[in-house]
Each structure stands twice: as C-alpha cells, then as structure tokens.
Amino acid sequence: MDTQSLTGQAPGRSTTATAPGTATRSRTWVRVLAVAAAGVVLDWGGNQLGWWWVTVLTGVAAALLLRGRALAVVTLAVPLLSWGGELVWRWTTTDTTRISRVTIGLAGVGDDAAWLGYVLTLAYAVLLCAAGVWVAAAARQLVRAARDGRRNPIEQKEAVTDA
C-alpha cells in the first residue's frame with residue numbers, strides 16, 4: 001500500500017505534527033539574527049571610516065524590517081556589539097584607558113573613572129540607534145496617517161469644520 005497517498009508525506013518522513021507557529025518563530029529569529037549581523041557589520045564598518053551616523057541609519061533599517069521585542073533586542077545588541085567590540089579591540093591593542101581617563105577628567109569627573117568613558121560611549125551608541133528607530137516609527141505613522149486621510153476625505157473635512 002502506498003503510504004504517501006494515506007499520509008500525504010513522502011516515505012521515511014516523520015508523521016508527528018509540529019506545533020503551530022514553530023516555523024514562523026524560527027524564521028523570525030533567523031530574520032532577527034540576519035538584521036543584527038548586518039547591522040553590526042555596517043556599524044563597525046562605518047566606525048572604521050569615522051561615520052558614526054551609520055548607527056542611526058542602522059536603527060532606521062532595523063525599524064523598517066522588525067517589530068516589537070525583536071526590534072528592542074536589535075536596538076540594544078547592534079550598537080553594543082559593534083561599538084563595544086571596537087572598544088575592546090582598541091583597548092587590547094592601544095592605550096584607550098588613558099584617553100578615556102583624560103576625557104572624563106575634562107568633563108569634571110575624577111581621573112580614576114576611565115570606565116565611565118566606556119559606559120557613556122556605549123550609551124551614546126544605543127541612543128543613536130534608538131533615535132534611528134524613533135525616526136522610522138514616526139515616518140511610518142506619518143505615512144499611515146496620510147494614507148488614512150486620503151481614504152476618508154469627507155470625514156477629515158467634517159472634523160476640520162466641526163472644530
């Protein structure tokens with residue numbers, strides 16, 4: 001008897017059903033990892049060229065491709081990995097602690113707080129990425145509002161005249 005005609009599956013395949021949404025979840029995390037990896041590479045490359053603003057563009061791109069918790073993870077992970085990795089690499093090859101100590105000293109904090117320079121640099125990177133996410137979210141809302149306004153011009157006109 002042909003098992004493929006009875007089960008709808010090729011011989012040798014498992015007949016156990018997978019949980020609904022499992023394939024979608026795995027594809028979502030593959031997408032998140034791909035966006036994060038591309039973001040880290042782009043941020044790192046931009047930092048090598050002195051283009052700090054690439055971090056903002058990475059946030060914009062991530063917000064256009066991802067939503068929700070995945071976007072929050074990418075917004076934190078990408079700048080921390082790219083900028084933090086660069087800081088660790090520079091710290092092991094050159095004396096960045098001295099530079100950080102002088103910079104923090106010029107800011108009025110004690111000379112022994114070089115770690116604060118590293119923390120502020122990483123916080124700045126996360127804020128740059130979050131600013132890009134915010135810009136993309138605001139642009140998406142503007143486009144949605146413009147689209148809704150074109151669909152219902154009568155309701156929009158009534159709302160203006162009622163006010």
# chains A, B, ... in the order shown; residues from 1 in each chain; ligands from 1

$ residues_around --residues "stretch 56-70 of chain A" --least-positions-apart "6" --cutoff "8 Å" --atoms "only C-alpha atoms" --output "ChimeraX atom specification"
/A:32,35,39,42-43,128-137

$ select_by_dssp --residues "stretch 12-145 of chain A" --states "alpha helix (DSSP H)" --output "PyMOL selection string"
chain A and resi 22-48+54-65+68-93+96-106+114-145

$ atom_distance --atom1 "atom CA of A:Glu86" --atom2 "atom CA of A:Val74"
17.5 Å

$ closest_residue --among "A:Trp53, A:Trp29, A:Tyr118, A:Tyr124" --to "A:Val88" --atoms "only C-alpha atoms"
A:Tyr118

$ atom_distance --atom1 "atom CA of A:Val40" --atom2 "atom CA of A:Val102"
28.3 Å

$ atom_distance --atom1 "atom CA of A:Ser82" --atom2 "atom CA of A:Ala114"
19.9 Å

$ residues_around --residues "A:Val41" --least-positions-apart "2" --cutoff "12 Å" --atoms "only C-alpha atoms" --output "list in words"
Ala34, Val35, Ala36, Ala37, Ala38, Gly39, Asp43, Trp44, Gly45, Gly46, Asn47, Gln48, Val54, Thr55, Thr58, Val78, Pro79, Leu81, Ser82, Trp83, Gly85 and Glu86 of chain A
